[in-house]
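This is entry27.cif (mmCIF, N, CA and C atoms).
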```cif
data_protein
#
loop_
_atom_site.label_atom_id
_atom_site.label_comp_id
_atom_site.auth_asym_id
_atom_site.auth_seq_id
_atom_site.Cartn_x
_atom_site.Cartn_y
_atom_site.Cartn_z
N MET A 20 15.33 6.94 -12.73
CA MET A 20 14.46 7.84 -13.46
C MET A 20 13.09 7.88 -12.77
N THR A 21 12.62 9.07 -12.52
CA THR A 21 11.34 9.23 -11.85
C THR A 21 10.26 9.60 -12.86
N VAL A 22 9.12 8.94 -12.74
CA VAL A 22 7.99 9.21 -13.61
C VAL A 22 6.95 9.96 -12.79
N THR A 23 6.48 11.09 -13.29
CA THR A 23 5.46 11.85 -12.59
C THR A 23 4.12 11.59 -13.26
N LEU A 24 3.18 11.10 -12.46
CA LEU A 24 1.85 10.81 -12.99
C LEU A 24 1.00 12.07 -13.00
N PRO A 25 0.29 12.32 -14.10
CA PRO A 25 -0.71 13.38 -14.06
C PRO A 25 -1.76 13.01 -13.01
N PRO A 26 -2.32 13.97 -12.27
CA PRO A 26 -3.25 13.65 -11.18
C PRO A 26 -4.47 12.85 -11.61
N ASP A 27 -4.92 13.00 -12.85
CA ASP A 27 -6.13 12.30 -13.28
C ASP A 27 -5.83 11.10 -14.18
N TYR A 28 -4.59 10.62 -14.17
CA TYR A 28 -4.19 9.52 -15.05
C TYR A 28 -4.89 8.23 -14.68
N ARG A 29 -5.43 7.54 -15.69
CA ARG A 29 -5.98 6.19 -15.56
C ARG A 29 -5.47 5.40 -16.76
N PRO A 30 -4.94 4.21 -16.56
CA PRO A 30 -4.47 3.40 -17.70
C PRO A 30 -5.60 3.09 -18.67
N THR A 31 -5.29 3.07 -19.95
CA THR A 31 -6.28 2.71 -20.97
C THR A 31 -5.71 1.64 -21.89
N GLU A 32 -6.61 0.98 -22.60
CA GLU A 32 -6.21 -0.05 -23.56
C GLU A 32 -5.52 0.56 -24.79
N LYS A 33 -5.66 1.89 -24.97
CA LYS A 33 -5.13 2.55 -26.18
C LYS A 33 -3.63 2.79 -26.10
N GLU A 34 -3.06 2.76 -24.90
CA GLU A 34 -1.63 3.04 -24.76
C GLU A 34 -0.85 1.72 -24.69
N PRO A 35 0.45 1.77 -24.93
CA PRO A 35 1.26 0.54 -24.85
C PRO A 35 1.15 -0.08 -23.45
N PHE A 36 0.95 -1.40 -23.42
CA PHE A 36 0.76 -2.10 -22.16
C PHE A 36 2.01 -2.00 -21.29
N MET A 37 1.82 -1.65 -20.06
CA MET A 37 2.85 -1.51 -19.02
C MET A 37 3.98 -0.56 -19.45
N ASN A 38 3.56 0.57 -20.03
CA ASN A 38 4.52 1.63 -20.30
C ASN A 38 4.91 2.28 -18.96
N GLU A 39 5.81 3.25 -18.98
CA GLU A 39 6.31 3.85 -17.74
C GLU A 39 5.20 4.44 -16.88
N LEU A 40 4.26 5.15 -17.51
CA LEU A 40 3.16 5.75 -16.74
C LEU A 40 2.29 4.69 -16.08
N MET A 41 1.97 3.65 -16.84
CA MET A 41 1.12 2.58 -16.33
C MET A 41 1.81 1.87 -15.16
N LEU A 42 3.09 1.57 -15.33
CA LEU A 42 3.83 0.91 -14.25
C LEU A 42 3.85 1.79 -12.99
N GLU A 43 4.07 3.08 -13.17
CA GLU A 43 4.10 3.99 -12.02
C GLU A 43 2.73 4.09 -11.37
N TYR A 44 1.67 4.08 -12.18
CA TYR A 44 0.30 4.10 -11.67
C TYR A 44 0.06 2.89 -10.74
N PHE A 45 0.43 1.72 -11.22
CA PHE A 45 0.21 0.51 -10.41
C PHE A 45 1.17 0.47 -9.21
N ARG A 46 2.39 0.97 -9.36
CA ARG A 46 3.30 1.03 -8.22
C ARG A 46 2.67 1.88 -7.10
N GLN A 47 2.17 3.04 -7.47
CA GLN A 47 1.56 3.92 -6.47
C GLN A 47 0.30 3.30 -5.87
N LYS A 48 -0.50 2.64 -6.70
CA LYS A 48 -1.71 1.96 -6.22
C LYS A 48 -1.34 0.89 -5.19
N LEU A 49 -0.32 0.09 -5.51
CA LEU A 49 0.14 -0.96 -4.61
C LEU A 49 0.71 -0.37 -3.31
N LEU A 50 1.49 0.70 -3.42
CA LEU A 50 2.08 1.32 -2.23
C LEU A 50 1.00 1.92 -1.32
N ARG A 51 -0.02 2.55 -1.91
CA ARG A 51 -1.13 3.09 -1.10
C ARG A 51 -1.86 1.97 -0.37
N TRP A 52 -2.13 0.87 -1.09
CA TRP A 52 -2.83 -0.26 -0.50
C TRP A 52 -2.02 -0.85 0.65
N ARG A 53 -0.72 -0.98 0.44
CA ARG A 53 0.18 -1.50 1.46
C ARG A 53 0.18 -0.61 2.70
N ALA A 54 0.24 0.71 2.49
CA ALA A 54 0.24 1.66 3.61
C ALA A 54 -1.07 1.57 4.40
N GLU A 55 -2.19 1.44 3.69
CA GLU A 55 -3.49 1.30 4.36
C GLU A 55 -3.52 0.04 5.23
N LEU A 56 -3.03 -1.06 4.68
CA LEU A 56 -3.01 -2.32 5.44
C LEU A 56 -2.11 -2.21 6.67
N LEU A 57 -0.96 -1.56 6.52
CA LEU A 57 -0.06 -1.39 7.66
C LEU A 57 -0.69 -0.51 8.74
N ASP A 58 -1.39 0.55 8.32
CA ASP A 58 -2.09 1.42 9.28
C ASP A 58 -3.15 0.62 10.05
N GLU A 59 -3.95 -0.14 9.30
CA GLU A 59 -5.00 -0.95 9.93
C GLU A 59 -4.38 -1.97 10.89
N SER A 60 -3.27 -2.55 10.48
CA SER A 60 -2.60 -3.55 11.29
C SER A 60 -2.11 -2.95 12.60
N SER A 61 -1.52 -1.76 12.53
CA SER A 61 -1.02 -1.15 13.76
C SER A 61 -2.18 -0.72 14.66
N GLU A 62 -3.31 -0.31 14.05
CA GLU A 62 -4.50 0.01 14.84
C GLU A 62 -5.01 -1.24 15.56
N THR A 63 -5.02 -2.36 14.86
CA THR A 63 -5.46 -3.63 15.46
C THR A 63 -4.56 -4.00 16.63
N LEU A 64 -3.26 -3.89 16.42
CA LEU A 64 -2.31 -4.22 17.48
C LEU A 64 -2.52 -3.32 18.70
N GLN A 65 -2.69 -2.04 18.44
CA GLN A 65 -2.92 -1.08 19.53
C GLN A 65 -4.23 -1.43 20.26
N HIS A 66 -5.26 -1.76 19.50
CA HIS A 66 -6.56 -2.11 20.08
C HIS A 66 -6.45 -3.36 20.94
N LEU A 67 -5.70 -4.36 20.46
CA LEU A 67 -5.53 -5.59 21.23
C LEU A 67 -4.77 -5.32 22.53
N GLN A 68 -3.79 -4.43 22.48
CA GLN A 68 -3.02 -4.10 23.69
C GLN A 68 -3.86 -3.31 24.69
N GLU A 69 -4.72 -2.41 24.18
CA GLU A 69 -5.55 -1.59 25.06
C GLU A 69 -6.63 -2.42 25.73
N ASN A 70 -7.21 -3.34 25.00
CA ASN A 70 -8.33 -4.14 25.53
C ASN A 70 -7.83 -5.48 26.06
N ASN A 71 -6.91 -5.43 26.96
CA ASN A 71 -6.32 -6.64 27.49
C ASN A 71 -6.86 -6.98 28.88
N THR A 72 -8.07 -6.51 29.17
CA THR A 72 -8.65 -6.78 30.48
C THR A 72 -9.38 -8.11 30.45
N VAL A 73 -9.42 -8.76 31.58
CA VAL A 73 -10.13 -10.03 31.69
C VAL A 73 -11.55 -9.74 32.17
N GLU A 74 -12.51 -10.18 31.41
CA GLU A 74 -13.92 -9.96 31.75
C GLU A 74 -14.35 -10.97 32.81
N PRO A 75 -14.99 -10.48 33.90
CA PRO A 75 -15.46 -11.41 34.93
C PRO A 75 -16.63 -12.28 34.45
N ASP A 76 -17.48 -11.73 33.61
CA ASP A 76 -18.64 -12.46 33.12
C ASP A 76 -18.21 -13.41 32.00
N LEU A 77 -18.65 -14.65 32.10
CA LEU A 77 -18.26 -15.68 31.13
C LEU A 77 -18.68 -15.33 29.70
N ALA A 78 -19.90 -14.82 29.53
CA ALA A 78 -20.39 -14.46 28.19
C ALA A 78 -19.57 -13.30 27.63
N ASP A 79 -19.26 -12.31 28.47
CA ASP A 79 -18.44 -11.18 28.02
C ASP A 79 -17.04 -11.64 27.64
N ARG A 80 -16.49 -12.56 28.43
CA ARG A 80 -15.16 -13.08 28.15
C ARG A 80 -15.16 -13.82 26.81
N ALA A 81 -16.19 -14.62 26.57
CA ALA A 81 -16.29 -15.36 25.31
C ALA A 81 -16.40 -14.39 24.14
N SER A 82 -17.18 -13.35 24.31
CA SER A 82 -17.35 -12.34 23.27
C SER A 82 -16.02 -11.63 22.99
N THR A 83 -15.29 -11.29 24.06
CA THR A 83 -14.00 -10.63 23.91
C THR A 83 -13.01 -11.53 23.19
N GLU A 84 -12.99 -12.81 23.56
CA GLU A 84 -12.07 -13.76 22.91
C GLU A 84 -12.42 -13.96 21.43
N THR A 85 -13.72 -13.99 21.13
CA THR A 85 -14.15 -14.13 19.74
C THR A 85 -13.69 -12.92 18.93
N ASN A 86 -13.88 -11.72 19.50
CA ASN A 86 -13.45 -10.50 18.81
C ASN A 86 -11.94 -10.48 18.62
N ARG A 87 -11.20 -10.89 19.65
CA ARG A 87 -9.74 -10.91 19.56
C ARG A 87 -9.29 -11.91 18.48
N SER A 88 -9.93 -13.05 18.44
CA SER A 88 -9.59 -14.07 17.44
C SER A 88 -9.86 -13.55 16.03
N LEU A 89 -11.00 -12.87 15.87
CA LEU A 89 -11.34 -12.31 14.57
C LEU A 89 -10.31 -11.25 14.16
N GLU A 90 -9.91 -10.39 15.08
CA GLU A 90 -8.92 -9.35 14.79
C GLU A 90 -7.58 -9.98 14.40
N LEU A 91 -7.21 -11.04 15.10
CA LEU A 91 -5.94 -11.70 14.77
C LEU A 91 -5.98 -12.37 13.40
N ARG A 92 -7.12 -12.98 13.07
CA ARG A 92 -7.27 -13.59 11.73
C ARG A 92 -7.21 -12.52 10.65
N THR A 93 -7.87 -11.40 10.91
CA THR A 93 -7.85 -10.29 9.95
C THR A 93 -6.44 -9.77 9.78
N ARG A 94 -5.72 -9.66 10.88
CA ARG A 94 -4.34 -9.18 10.84
C ARG A 94 -3.45 -10.16 10.07
N ASP A 95 -3.67 -11.45 10.26
CA ASP A 95 -2.90 -12.46 9.54
C ASP A 95 -3.18 -12.39 8.04
N ARG A 96 -4.46 -12.19 7.69
CA ARG A 96 -4.84 -12.05 6.29
C ARG A 96 -4.14 -10.83 5.68
N ALA A 97 -4.12 -9.73 6.44
CA ALA A 97 -3.47 -8.50 5.97
C ALA A 97 -1.97 -8.74 5.78
N ARG A 98 -1.35 -9.48 6.70
CA ARG A 98 0.09 -9.78 6.60
C ARG A 98 0.38 -10.55 5.32
N LYS A 99 -0.47 -11.53 4.99
CA LYS A 99 -0.28 -12.31 3.76
C LYS A 99 -0.50 -11.44 2.53
N LEU A 100 -1.46 -10.54 2.62
CA LEU A 100 -1.73 -9.63 1.51
C LEU A 100 -0.57 -8.67 1.29
N ILE A 101 0.03 -8.19 2.37
CA ILE A 101 1.19 -7.30 2.26
C ILE A 101 2.34 -8.04 1.57
N ALA A 102 2.52 -9.31 1.89
CA ALA A 102 3.57 -10.10 1.22
C ALA A 102 3.30 -10.19 -0.28
N LYS A 103 2.03 -10.38 -0.67
CA LYS A 103 1.68 -10.44 -2.09
C LYS A 103 1.88 -9.08 -2.76
N ILE A 104 1.59 -8.00 -2.03
CA ILE A 104 1.82 -6.65 -2.57
C ILE A 104 3.31 -6.44 -2.79
N ASP A 105 4.13 -6.88 -1.82
CA ASP A 105 5.58 -6.76 -1.97
C ASP A 105 6.07 -7.53 -3.19
N GLU A 106 5.51 -8.72 -3.41
CA GLU A 106 5.88 -9.51 -4.59
C GLU A 106 5.48 -8.77 -5.88
N ALA A 107 4.30 -8.15 -5.86
CA ALA A 107 3.85 -7.39 -7.03
C ALA A 107 4.77 -6.19 -7.28
N LEU A 108 5.20 -5.52 -6.21
CA LEU A 108 6.12 -4.39 -6.36
C LEU A 108 7.46 -4.85 -6.94
N THR A 109 7.90 -6.04 -6.56
CA THR A 109 9.13 -6.60 -7.14
C THR A 109 8.93 -6.83 -8.64
N ARG A 110 7.75 -7.32 -9.01
CA ARG A 110 7.46 -7.54 -10.44
C ARG A 110 7.42 -6.20 -11.20
N VAL A 111 6.91 -5.15 -10.54
CA VAL A 111 6.93 -3.82 -11.17
C VAL A 111 8.38 -3.43 -11.45
N ASP A 112 9.24 -3.64 -10.45
CA ASP A 112 10.65 -3.25 -10.58
C ASP A 112 11.39 -4.08 -11.64
N ASN A 113 11.05 -5.38 -11.76
CA ASN A 113 11.80 -6.20 -12.71
C ASN A 113 11.14 -6.30 -14.09
N GLY A 114 10.02 -5.60 -14.26
CA GLY A 114 9.38 -5.53 -15.57
C GLY A 114 8.43 -6.67 -15.89
N SER A 115 8.16 -7.57 -14.95
CA SER A 115 7.26 -8.68 -15.25
C SER A 115 5.83 -8.40 -14.77
N TYR A 116 5.61 -7.26 -14.12
CA TYR A 116 4.27 -6.94 -13.61
C TYR A 116 3.27 -6.80 -14.76
N GLY A 117 2.08 -7.35 -14.53
CA GLY A 117 1.01 -7.21 -15.50
C GLY A 117 0.95 -8.33 -16.52
N TYR A 118 1.90 -9.26 -16.44
CA TYR A 118 1.93 -10.37 -17.38
C TYR A 118 1.66 -11.68 -16.64
N CYS A 119 0.86 -12.53 -17.25
CA CYS A 119 0.46 -13.81 -16.67
C CYS A 119 1.69 -14.69 -16.44
N GLU A 120 1.77 -15.28 -15.26
CA GLU A 120 2.89 -16.17 -14.92
C GLU A 120 2.88 -17.45 -15.76
N GLU A 121 1.70 -17.86 -16.22
CA GLU A 121 1.61 -19.11 -16.99
C GLU A 121 1.79 -18.90 -18.47
N THR A 122 1.16 -17.85 -19.00
CA THR A 122 1.14 -17.68 -20.46
C THR A 122 2.03 -16.53 -20.95
N ALA A 123 2.48 -15.68 -20.04
CA ALA A 123 3.27 -14.47 -20.36
C ALA A 123 2.45 -13.45 -21.16
N GLU A 124 1.16 -13.70 -21.32
CA GLU A 124 0.27 -12.75 -21.98
C GLU A 124 -0.10 -11.64 -20.99
N PRO A 125 -0.44 -10.44 -21.51
CA PRO A 125 -0.86 -9.36 -20.60
C PRO A 125 -2.12 -9.75 -19.81
N ILE A 126 -2.10 -9.42 -18.53
CA ILE A 126 -3.29 -9.56 -17.69
C ILE A 126 -4.12 -8.31 -17.99
N GLY A 127 -5.39 -8.44 -18.17
CA GLY A 127 -6.23 -7.29 -18.54
C GLY A 127 -6.16 -6.16 -17.53
N LEU A 128 -6.29 -4.92 -18.03
CA LEU A 128 -6.26 -3.75 -17.14
C LEU A 128 -7.39 -3.78 -16.12
N GLN A 129 -8.59 -4.21 -16.55
CA GLN A 129 -9.71 -4.27 -15.61
C GLN A 129 -9.40 -5.22 -14.46
N ARG A 130 -8.79 -6.34 -14.76
CA ARG A 130 -8.42 -7.31 -13.72
C ARG A 130 -7.37 -6.70 -12.79
N LEU A 131 -6.38 -6.02 -13.34
CA LEU A 131 -5.34 -5.41 -12.51
C LEU A 131 -5.89 -4.26 -11.66
N GLU A 132 -6.85 -3.54 -12.20
CA GLU A 132 -7.49 -2.47 -11.41
C GLU A 132 -8.21 -3.09 -10.21
N ALA A 133 -8.94 -4.18 -10.47
CA ALA A 133 -9.71 -4.83 -9.41
C ALA A 133 -8.82 -5.60 -8.44
N ARG A 134 -7.77 -6.23 -8.95
CA ARG A 134 -6.88 -7.05 -8.14
C ARG A 134 -5.44 -6.80 -8.58
N PRO A 135 -4.84 -5.71 -8.07
CA PRO A 135 -3.50 -5.33 -8.55
C PRO A 135 -2.41 -6.35 -8.24
N ILE A 136 -2.71 -7.34 -7.40
CA ILE A 136 -1.70 -8.37 -7.09
C ILE A 136 -1.86 -9.61 -7.97
N ALA A 137 -2.77 -9.54 -8.94
CA ALA A 137 -3.03 -10.70 -9.81
C ALA A 137 -1.76 -11.14 -10.53
N THR A 138 -1.57 -12.44 -10.60
CA THR A 138 -0.40 -13.00 -11.29
C THR A 138 -0.82 -13.83 -12.51
N LEU A 139 -2.12 -14.08 -12.63
CA LEU A 139 -2.63 -14.89 -13.73
C LEU A 139 -3.70 -14.12 -14.49
N SER A 140 -3.78 -14.35 -15.80
CA SER A 140 -4.88 -13.78 -16.58
C SER A 140 -6.16 -14.48 -16.13
N ILE A 141 -7.29 -13.92 -16.49
CA ILE A 141 -8.57 -14.52 -16.09
C ILE A 141 -8.66 -15.95 -16.61
N GLU A 142 -8.24 -16.16 -17.86
CA GLU A 142 -8.32 -17.50 -18.45
C GLU A 142 -7.44 -18.49 -17.68
N ALA A 143 -6.22 -18.08 -17.36
CA ALA A 143 -5.31 -18.96 -16.63
C ALA A 143 -5.84 -19.22 -15.21
N GLN A 144 -6.41 -18.18 -14.59
CA GLN A 144 -6.98 -18.33 -13.24
C GLN A 144 -8.14 -19.32 -13.26
N GLU A 145 -9.00 -19.21 -14.28
CA GLU A 145 -10.13 -20.13 -14.39
C GLU A 145 -9.65 -21.56 -14.61
N ARG A 146 -8.63 -21.75 -15.45
CA ARG A 146 -8.05 -23.09 -15.65
C ARG A 146 -7.51 -23.63 -14.34
N HIS A 147 -6.80 -22.78 -13.62
CA HIS A 147 -6.21 -23.15 -12.33
C HIS A 147 -7.30 -23.58 -11.34
N GLU A 148 -8.39 -22.81 -11.27
CA GLU A 148 -9.49 -23.14 -10.36
C GLU A 148 -10.20 -24.43 -10.77
N ARG A 149 -10.36 -24.65 -12.10
CA ARG A 149 -10.97 -25.90 -12.56
C ARG A 149 -10.12 -27.09 -12.16
N MET A 150 -8.79 -26.95 -12.31
CA MET A 150 -7.88 -28.03 -11.93
C MET A 150 -7.96 -28.30 -10.42
N GLU A 151 -8.04 -27.25 -9.62
CA GLU A 151 -8.16 -27.42 -8.17
C GLU A 151 -9.43 -28.17 -7.82
N ARG A 152 -10.55 -27.78 -8.46
CA ARG A 152 -11.83 -28.45 -8.18
C ARG A 152 -11.76 -29.91 -8.59
N THR A 153 -11.16 -30.19 -9.74
CA THR A 153 -11.06 -31.56 -10.25
C THR A 153 -10.24 -32.41 -9.28
N HIS A 154 -9.12 -31.89 -8.83
CA HIS A 154 -8.24 -32.67 -7.94
C HIS A 154 -8.78 -32.73 -6.51
N ARG A 155 -9.57 -31.76 -6.12
CA ARG A 155 -10.14 -31.77 -4.77
C ARG A 155 -11.19 -32.87 -4.65
N ASP A 156 -11.87 -33.16 -5.76
CA ASP A 156 -12.91 -34.19 -5.74
C ASP A 156 -12.33 -35.60 -5.69
N ASP A 157 -11.04 -35.73 -6.00
CA ASP A 157 -10.41 -37.07 -6.01
C ASP A 157 -10.34 -37.67 -4.63
#
```
Would you mind writing the file out in structure tokens?
Amino acid sequence: MTVTLPPDYRPTEKEPFMNELMLEYFRQKLLRWRAELLDESSETLQHLQENNTVEPDLADRASTETNRSLELRTRDRARKLIAKIDEALTRVDNGSYGYCEETAEPIGLQRLEARPIATLSIEAQERHERMERTHRDD
């Protein structure tokens, strides 16, 4: 079954949480984000292949290596983000998207708008971060 989103649709608190329109809205948001990351990634790869010259000047070579390292780190970050987007898309498909993994309570719409790959409600995320800080100090 295909759901067609009205062009100006934005999820609201007044409608049932994760109804068909809302799920389709977030599916499309996730797919657009994924496509952007893949485009950027292929541009990075192309850029790295094009700029494969060895600089004779030591300072230029160091600068080139620093830039290449930064591009590779950015690409790795994007790869990890794409994996999280894929996981979120799986949750959209299986009906668990938008619900906290710890409490099964709805994750707020504002949080999902800001971070569509969120798996925890703000409260659960804060608890998780407090626990990390507590155990990191040990």
Per residue of stretch 52-116 of chain A within 8 Å of stretch 37-45 of chain A, which atom pair is closest and at what distance in Å (one decimal), using only N, CA and C atoms, listed by chain and increasing number, as a tab-separated table?
```
residue	atom	partner	partner_atom	distance
A:Ala107	C	A:Phe45	C	7.8
A:Leu108	CA	A:Phe45	C	7.5
A:Val111	CA	A:Leu42	CA	6.4
A:Tyr116	C	A:Met37	CA	6.8
```
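When only C-alpha atoms are used to measure the gap to A:Leu56, the shortest distance among A:Pro75, A:Ala81, A:Lys99, A:Phe36 belongs to A:Lys99.
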**OP:** For atom N of A:Arg149 and atom CA of A:Glu106, quote the distance in Å rounded to one decimal.
**Re:**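 Atom CA of A:Glu106 lies 23.4 Å from atom N of A:Arg149.
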Original post:
If the PyMOL selection byres ((chain A and resi 130-138) around 6.5) is run on the structure shown, which residues does it catch, given as number ranges by chain?
Top reply: A: 103-104, 107, 118-121, 126-129, 139-140
**OP:** For atom CA of A:Ile141 and atom CA of A:Thr153, determine how far apart the two atoms are, in Å to one decimal place.
**Re:**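 So the answer is 18.2 Å.
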Original post:
Could you work out how far atom C of A:Ala143 lies from atom CA of A:Arg155, giving the answer in Å with one decimal?
Top reply: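 Atom C of A:Ala143 lies at a distance of 16.9 Å from atom CA of A:Arg155.
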Check which residues of stretch 100-129 of chain A sit at most 12 Å from stretch 87-95 of chain A using only C-alpha atoms, and return one row each with the closest pair of atoms and their distance in Å to one decimal, ordered by chain and rising number, as a tab-separated table.
```
residue	atom	partner	partner_atom	distance
A:Leu100	CA	A:Asp95	CA	8.6
A:Ile101	CA	A:Asp95	CA	9.8
A:Ala102	CA	A:Asp95	CA	10.8
```
Original post:
Which one of A:Arg152, A:Leu77, A:Lys33, A:Asp105 sits closest to A:Trp52 if you count only C-alpha atoms?
Top reply: A:Asp105
